[in-house]
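Peer 1: First the structure, then my questions, so here it is.
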Amino acid sequence: MLSKNQLSTSPLLKEFLISFVFLLVGSIAVNEHMFRNGIIFESHDIGPHLQWLTHFSKHLAEGIWYPRWLADTNYGYGSPDFVFYPPGVYYIGSLIKLTGIDIQKTVALLFLLASLLAGFSCYVYGRNKWGKRVSLFASLAYMTSPYLVLNIYQRAALPETFAVALFPLGLLFTDLALTKPKWRIGLALFFTVLSLTHAPSLLIYTIFWFLYVICFLLKYSWKAIVITIGSGMVGLGIASFYLLPAVLEKNLVNVNSMRKVSGGFQGNLIWTPVSWATRFMRNQITDIFTYQLLTIIVLIIIIFFCCRQEPKKIKEAGLWLIFLLLLSFMMTYPSVKIWQSSRTLQMVQFPWRLMGMFSFGVVAMLAIAINRVLNSKSQLKLIFSLILAVIFLANAGYSYNLSRVLSGFNNPGNLKKVALNPKYKSEDFFNVIKLALDEKEISKLRGRVEYLLLTPEGIAAKPLLEQPPISTIKGKALIEVDKWDSYNRIFSVSATEDTNLKIRTFYYPAWRLYVNDKPYPIIVSDDGTIELNLNPGEYTVRLFYSWTYPFILGVIISIFSIIILASYWYKFA
């Protein structure tokens with residue numbers, strides 16, 4: 001016999017299973033081109049993500065639970081990429097990859113999961129607001145929104161796609177947390193997950209989320225607002241083991257170069273008048289933004305005509321419209337002064353990254369319009385229904401065409417013709433992908449320029465190809481490498497005179513040097529590598545990667561935040 005609770009939850013579970021299967025089929029349909037053709041050949045960031053996933057999964061297999069330092073990147077000099085880049089997506093990818101699935105299919109599955117997550121989170125958010133059937137259509141519209149598809153097929157923005165997929169859940173948990181204390185646990189966990197997914201998305205979402213919660217002062221008590229905001233801060237606290245070092249150690253790497261990527265923030269404002277704005281921004285992003293603006297205008301007209309007799313029903317659409325107008329302002333050139341005033345905000349790199357939240361706002365307007373038309377008694381109901389159907393199909397069609405603009409790696413078409421086009425560097429993309437797919441050859445690739453260590457002169461270090469692990473700069477010594485693991489290197493030195501050695505490893509404060517089992521001072525060379533001075537004698541040298549003080553502090557804050565959340569769970573669960 002089923003208990004009353006089981007009887008009440010069975011229909012809900014059945015509903016979610018049906019909607020999950022429905023959205024899974026939709027997600028597979030959206031991504032069928034990727035599964036058929038493999039990795040998209042010319043997608044912008046696919047090379048770095050392949051490298052990161054290969055390095056990350058290798059270090060996990062070695063027993064390193066949090067691979068903050070990638071030992072084999074930059075020709076073996078290493079790089080602290082995951083001190084600064086959130087690791088969440090790469091944990092998921094590594095788990096998939098460790099089952100034996102090849103890396104191309106792993107990346108394709110990750111994008112499939114991101115697309116499915118976008119649809120499911122949109123459905124969960126909207127089911128009680130717009131109804132179950134309308135929410136399913138809204139979910140399909142969100143999964144096929146042009147910016148989401150652009151992120152998958154042309155930008156290969158893997159973590160950002162997951163972050164965009166999570167946005168509706170953040171709104172849902174916020175709405176529930178304001179009135180139901182137990183949902184503040186979910187809100188805290190949401191911010192933890194978002195923190196470990198994509199840093200620029202975390203920054204822009206947190207700013208708008210804070211404004212969103214403050215607006216509820218007109219409806220709820222200040223205590224509910226403060227506790228809700230506090231719940232979000234607890235979530236950030238749990239992620240402090242990543243966030244704190246990422247902030248406090250950024251001056252050690254070339255991270256400021258991110259502000260200049262593709263013309264900087266000013267070159268990536270929509271409708272910018274500057275002549276050096278990037279071709280990518282000018283074409284695809286501007287076209288998508290203009291297309292969605294026209295969609296919003298049509299939806300507002302439909303909602304107005306359906307609700308003109310009931311002004312109260314226009315309120316929800318009005319709030320979304322204000323939100324969309326604010327996002328539009330921040331993405332376009334009139335907001336340039338705001339972006340200029342904040343160096344932190346400039347780390348977002350591309351103001352049009354707000355298009356993720358903007359796309360969900362457009363989908364929300366579409367859902368409201370469908371809901372109003374279905375409940376309307378207007379004589380224009382049939383015409384409005386046809387217009388909405390056209391909007392839905394046009395949205396899917398636009399995204400379908402975006403997914404087929406670039407050649408696939410496994411079915412690349414005429415690559416020679418593409419490679420000869422001076423506008424592209426397809427040959428370079430092809431070679432990077434080939435090397436990134438081969439774990440034996442991946443160390444021949446350079447890492448991301450923004451995470452290069454700075455030399456003592458403050459210049460980004462320059463790794464050199466095919467350098468030995470240990471070089472003798474001065475003196476004479478016999479060197480024998482006993483162990484050369486990713487995070488632990490041991491070698492013996494027999495010096496017959498004063499000797500200066502250079503280790504093919506960029507210096508980072510986490511490295512510890514021991515000589516004959518005693519701590520030994522590290523010398524940072526002019527090129528950013530680790531040097532070692534020894535007098536004549538026999539030595540056993542050990543170099544290993546440890547924890548930095550910001551990381552230790554971050555771990556302590558994370559533990560305290562988990563305790564706070566567990567106490568809250570015990571009280572309200």
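Labels used: A, B, ... for chains in the order of the structure tokens, numbers from 1 for residues in each chain, and numbers from 1 for ligands as shown.
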Extract, using only C-alpha atoms, all DNA, RNA and protein residues at most 12 Å from A:Pro67, discarding same-chain residues fewer than 2 positions from it, and format them as a ChimeraX atom specification.
Peer 2: /A:52-65,69-72,78-88,90-91,94,242,486-487,545-547
Peer 1: Take the residues that were just selected and, keeping N, CA and C atoms, output them as a compact mmCIF listing (two decimals), in the first residue's frame.
Peer 2:
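Contents of out_28.txt, as written:
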```txt
# COMPACT_ATOMS: atom_id res chain seq x y z
N TRP A 52 41.65 21.59 -21.51
CA TRP A 52 41.33 21.61 -20.08
C TRP A 52 40.73 20.28 -19.61
N LEU A 53 39.81 19.75 -20.42
CA LEU A 53 39.17 18.50 -20.02
C LEU A 53 40.17 17.35 -20.00
N THR A 54 41.07 17.31 -20.98
CA THR A 54 42.08 16.26 -21.02
C THR A 54 43.02 16.35 -19.82
N HIS A 55 43.54 17.56 -19.55
CA HIS A 55 44.44 17.76 -18.40
C HIS A 55 43.72 17.46 -17.09
N PHE A 56 42.52 17.98 -16.95
CA PHE A 56 41.76 17.86 -15.69
C PHE A 56 41.47 16.40 -15.38
N SER A 57 40.97 15.66 -16.38
CA SER A 57 40.61 14.25 -16.16
C SER A 57 41.86 13.42 -15.86
N LYS A 58 42.99 13.77 -16.50
CA LYS A 58 44.23 13.05 -16.23
C LYS A 58 44.67 13.24 -14.78
N HIS A 59 44.61 14.48 -14.29
CA HIS A 59 45.02 14.75 -12.91
C HIS A 59 44.07 14.08 -11.91
N LEU A 60 42.78 14.06 -12.21
CA LEU A 60 41.84 13.35 -11.34
C LEU A 60 42.18 11.86 -11.27
N ALA A 61 42.51 11.27 -12.42
CA ALA A 61 42.89 9.86 -12.45
C ALA A 61 44.16 9.60 -11.66
N GLU A 62 44.99 10.63 -11.51
CA GLU A 62 46.21 10.51 -10.71
C GLU A 62 45.95 10.62 -9.21
N GLY A 63 44.70 10.91 -8.84
CA GLY A 63 44.36 11.02 -7.43
C GLY A 63 44.39 12.44 -6.90
N ILE A 64 44.49 13.43 -7.78
CA ILE A 64 44.49 14.84 -7.36
C ILE A 64 43.03 15.30 -7.35
N TRP A 65 42.45 15.48 -6.18
CA TRP A 65 41.00 15.72 -6.08
C TRP A 65 40.58 17.08 -6.62
N TRP A 69 46.47 23.16 -10.63
CA TRP A 69 47.63 23.38 -11.49
C TRP A 69 47.64 22.34 -12.60
N LEU A 70 47.71 22.79 -13.87
CA LEU A 70 47.78 21.86 -15.00
C LEU A 70 49.24 21.69 -15.38
N ALA A 71 49.79 20.55 -15.05
CA ALA A 71 51.23 20.36 -15.13
C ALA A 71 51.76 20.25 -16.56
N ASP A 72 50.96 19.70 -17.48
CA ASP A 72 51.47 19.43 -18.83
C ASP A 72 51.20 20.54 -19.83
N GLY A 78 53.61 24.22 -17.14
CA GLY A 78 52.49 24.26 -16.23
C GLY A 78 51.78 25.61 -16.19
N SER A 79 50.60 25.60 -15.58
CA SER A 79 49.80 26.81 -15.48
C SER A 79 48.71 26.63 -14.42
N PRO A 80 48.40 27.68 -13.64
CA PRO A 80 47.39 27.56 -12.57
C PRO A 80 45.98 27.86 -13.07
N ASP A 81 45.60 27.29 -14.21
CA ASP A 81 44.34 27.63 -14.85
C ASP A 81 43.14 27.50 -13.93
N PHE A 82 43.08 26.39 -13.17
CA PHE A 82 41.89 26.14 -12.36
C PHE A 82 41.97 26.74 -10.96
N VAL A 83 42.98 27.58 -10.74
CA VAL A 83 42.91 28.51 -9.62
C VAL A 83 41.91 29.60 -9.97
N PHE A 84 41.83 29.93 -11.26
CA PHE A 84 41.04 31.07 -11.72
C PHE A 84 39.80 30.68 -12.53
N TYR A 85 39.83 29.51 -13.15
CA TYR A 85 38.68 29.09 -13.96
C TYR A 85 37.86 28.07 -13.18
N PRO A 86 36.55 28.25 -13.09
CA PRO A 86 35.71 27.34 -12.29
C PRO A 86 35.81 25.90 -12.80
N PRO A 87 35.91 24.93 -11.91
CA PRO A 87 36.15 23.54 -12.32
C PRO A 87 34.90 22.69 -12.52
N GLY A 88 33.71 23.23 -12.19
CA GLY A 88 32.52 22.40 -12.10
C GLY A 88 32.24 21.55 -13.32
N TYR A 90 34.14 20.58 -15.65
CA TYR A 90 35.21 19.62 -15.97
C TYR A 90 35.18 18.41 -15.05
N TYR A 91 34.61 18.55 -13.86
CA TYR A 91 34.35 17.38 -13.02
C TYR A 91 33.31 16.48 -13.71
N SER A 94 34.89 14.91 -16.77
CA SER A 94 35.86 13.87 -16.40
C SER A 94 35.16 12.57 -16.01
N TYR A 242 37.30 28.13 -4.08
CA TYR A 242 37.65 28.57 -5.43
C TYR A 242 37.69 30.09 -5.53
N SER A 486 52.95 14.99 -11.87
CA SER A 486 52.33 16.30 -12.10
C SER A 486 52.56 17.25 -10.94
N TYR A 487 52.40 16.74 -9.71
CA TYR A 487 52.48 17.60 -8.53
C TYR A 487 53.65 17.25 -7.61
N TYR A 545 53.73 20.48 -5.28
CA TYR A 545 52.69 21.51 -5.30
C TYR A 545 51.82 21.38 -4.05
N SER A 546 51.64 22.48 -3.33
CA SER A 546 50.90 22.45 -2.06
C SER A 546 49.77 23.48 -2.09
N TRP A 547 49.36 23.94 -0.92
CA TRP A 547 48.27 24.90 -0.80
C TRP A 547 48.83 26.30 -0.55
```
Peer 1: Can you list, as a PyMOL selection string, all residues belonging to stretch 55-224 of chain A that DSSP tags as helix (DSSP H, G or I)?
Peer 2: chain A and resi 55-61+74-76+81-84+88-97+103-130+132-143+146-153+158-177+183-195+199-218+222-224
Peer 1: With C-alpha atoms retained, write the just-selected residues as a compact mmCIF listing (two decimals), in the first residue's frame.
Peer 2:
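In the end it all went to again.txt:
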```
# COMPACT_ATOMS: atom_id res chain seq x y z
CA HIS A 55 44.44 17.76 -18.40
CA PHE A 56 41.76 17.86 -15.69
CA SER A 57 40.61 14.25 -16.16
CA LYS A 58 44.23 13.05 -16.23
CA HIS A 59 45.02 14.75 -12.91
CA LEU A 60 41.84 13.35 -11.34
CA ALA A 61 42.89 9.86 -12.45
CA ASN A 74 52.51 25.32 -21.82
CA TYR A 75 54.93 22.64 -23.13
CA GLY A 76 55.27 21.20 -19.61
CA ASP A 81 44.34 27.63 -14.85
CA PHE A 82 41.89 26.14 -12.36
CA VAL A 83 42.91 28.51 -9.62
CA PHE A 84 41.04 31.07 -11.72
CA GLY A 88 32.52 22.40 -12.10
CA VAL A 89 31.87 21.43 -15.74
CA TYR A 90 35.21 19.62 -15.97
CA TYR A 91 34.35 17.38 -13.02
CA ILE A 92 31.21 16.31 -14.90
CA GLY A 93 33.16 15.88 -18.16
CA SER A 94 35.86 13.87 -16.40
CA LEU A 95 33.28 11.50 -14.92
CA ILE A 96 31.82 10.94 -18.40
CA LYS A 97 35.27 10.50 -19.92
CA ILE A 103 36.63 13.09 -25.54
CA GLN A 104 34.69 14.26 -28.62
CA LYS A 105 31.53 12.47 -27.53
CA THR A 106 32.16 13.63 -23.97
CA VAL A 107 32.07 17.27 -25.08
CA ALA A 108 28.99 16.59 -27.22
CA LEU A 109 27.28 14.99 -24.20
CA LEU A 110 28.18 17.98 -22.04
CA PHE A 111 26.51 20.34 -24.50
CA LEU A 112 23.52 17.98 -24.63
CA LEU A 113 23.29 18.08 -20.82
CA ALA A 114 23.51 21.89 -20.84
CA SER A 115 20.72 22.10 -23.40
CA LEU A 116 18.57 19.64 -21.42
CA LEU A 117 19.25 21.55 -18.20
CA ALA A 118 18.14 24.79 -19.87
CA GLY A 119 14.85 23.24 -20.91
CA PHE A 120 14.18 21.50 -17.62
CA SER A 121 15.03 24.51 -15.42
CA CYS A 122 12.77 26.70 -17.58
CA TYR A 123 9.96 24.15 -17.20
CA VAL A 124 10.36 23.89 -13.42
CA TYR A 125 10.36 27.68 -13.12
CA GLY A 126 7.30 28.23 -15.31
CA ARG A 127 4.99 25.28 -14.53
CA ASN A 128 3.17 27.11 -11.71
CA LYS A 129 3.28 30.50 -13.41
CA TRP A 130 2.16 29.70 -16.94
CA LYS A 132 2.42 22.84 -17.65
CA ARG A 133 1.72 22.84 -21.39
CA VAL A 134 2.80 26.43 -21.89
CA SER A 135 5.95 25.78 -19.86
CA LEU A 136 6.89 22.87 -22.10
CA PHE A 137 6.66 25.13 -25.16
CA ALA A 138 8.62 27.82 -23.31
CA SER A 139 11.28 25.24 -22.44
CA LEU A 140 11.66 24.23 -26.08
CA ALA A 141 11.90 27.90 -27.01
CA TYR A 142 14.64 28.41 -24.41
CA MET A 143 16.59 25.35 -25.59
CA PRO A 146 19.63 31.70 -30.76
CA TYR A 147 22.13 32.78 -28.11
CA LEU A 148 22.15 29.34 -26.47
CA VAL A 149 22.68 27.64 -29.83
CA LEU A 150 25.34 30.20 -30.77
CA ASN A 151 27.16 29.36 -27.51
CA ILE A 152 27.15 25.68 -28.43
CA TYR A 153 27.87 25.67 -32.14
CA LEU A 158 30.76 25.22 -22.60
CA PRO A 159 30.67 26.54 -18.99
CA GLU A 160 28.72 29.66 -19.99
CA THR A 161 26.08 27.47 -21.65
CA PHE A 162 25.63 25.63 -18.34
CA ALA A 163 25.42 28.97 -16.50
CA VAL A 164 22.73 30.26 -18.89
CA ALA A 165 20.85 26.99 -18.38
CA LEU A 166 20.89 27.52 -14.60
CA PHE A 167 19.43 31.07 -14.60
CA PRO A 168 15.72 30.05 -14.36
CA LEU A 169 16.48 27.87 -11.32
CA GLY A 170 18.04 30.87 -9.58
CA LEU A 171 14.83 32.86 -10.05
CA LEU A 172 12.71 29.93 -8.88
CA PHE A 173 14.73 29.39 -5.69
CA THR A 174 14.69 33.14 -5.00
CA ASP A 175 10.91 33.40 -5.33
CA LEU A 176 10.41 30.39 -3.06
CA ALA A 177 13.07 31.46 -0.53
CA TRP A 183 14.05 26.82 -0.05
CA ARG A 184 16.87 29.11 1.13
CA ILE A 185 18.98 25.96 1.22
CA GLY A 186 18.32 25.46 -2.48
CA LEU A 187 19.17 29.11 -3.17
CA ALA A 188 22.51 28.75 -1.35
CA LEU A 189 23.35 25.61 -3.31
CA PHE A 190 22.39 27.37 -6.55
CA PHE A 191 24.95 30.10 -5.93
CA THR A 192 27.58 27.49 -5.06
CA VAL A 193 26.96 25.64 -8.32
CA LEU A 194 26.90 28.85 -10.38
CA SER A 195 30.16 29.98 -8.73
CA ALA A 199 32.75 33.39 -13.21
CA PRO A 200 31.55 36.18 -15.60
CA SER A 201 28.01 34.78 -15.47
CA LEU A 202 28.20 34.69 -11.68
CA LEU A 203 29.19 38.37 -11.59
CA ILE A 204 26.45 39.68 -13.88
CA TYR A 205 23.78 37.40 -12.43
CA THR A 206 24.61 38.37 -8.83
CA ILE A 207 24.29 42.09 -9.66
CA PHE A 208 20.87 41.69 -11.27
CA TRP A 209 19.75 39.13 -8.66
CA PHE A 210 20.54 41.59 -5.86
CA LEU A 211 18.45 44.31 -7.57
CA TYR A 212 15.67 41.75 -8.13
CA VAL A 213 15.53 40.79 -4.44
CA ILE A 214 15.66 44.43 -3.27
CA CYS A 215 12.57 45.17 -5.36
CA PHE A 216 10.60 42.76 -3.14
CA LEU A 217 10.87 45.23 -0.23
CA LEU A 218 7.55 46.56 -1.52
CA TRP A 222 13.02 43.51 5.29
CA LYS A 223 13.87 40.44 7.40
CA ALA A 224 12.82 38.05 4.62
```
Peer 1: Which residue is closest to A:Ala436? Choose from A:Pro519, A:Pro463, A:Pro11, A:Gly47 and count only C-alpha atoms.
Peer 2: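 Using only C-alpha atoms, A:Ala436 sits closest to A:Gly47.
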Peer 1: One number please: atom CA of A:Trp511 to atom CA of A:Glu480, in Å, one decimal.
Peer 2: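 These atoms are spaced 20.5 Å apart.
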Peer 1: Separation of atom CA of A:Val524 and atom CA of A:Asp498, in Å?
Peer 2: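 So the answer is 18.0 Å.
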Peer 1: In Å, rounded to a single decimal, give me how far atom CA of A:His44 is from atom CA of A:Thr197.
Peer 2: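 It comes out at 18.8 Å.
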Peer 1: Here is a test: counting only C-alpha atoms, which residue of A:Ile285, A:Leu388, A:Ile370, A:Leu178 is nearest to A:Ser231?
Peer 2: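 Under the stated criterion, the closest residue is A:Leu178.
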Peer 1: Hey, which of A:Val253, A:Met365, A:Val21, A:Thr290 ends up closest to A:Tyr507? Count only C-alpha atoms.
Peer 2: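 Checking each candidate against A:Tyr507, we get A:Val253 as the closest.
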Peer 1: Write out as JSON, numbers by chain each polymer residue whose atoms come within 8 Å of A:Ser558, counting only C-alpha atoms; drop sequence neighbours fewer than 3 positions from it.
Peer 2: {"A": [237, 238, 239, 240, 241, 554, 555, 561, 562]}
Peer 1: Quick one: everything within 10 Å of A:Thr286, counting only C-alpha atoms, minus sequence neighbours fewer than 5 positions away in the same chain. Send it as a ChimeraX atom specification.
Peer 2: /A:268-271,280-281,291-292,332,352
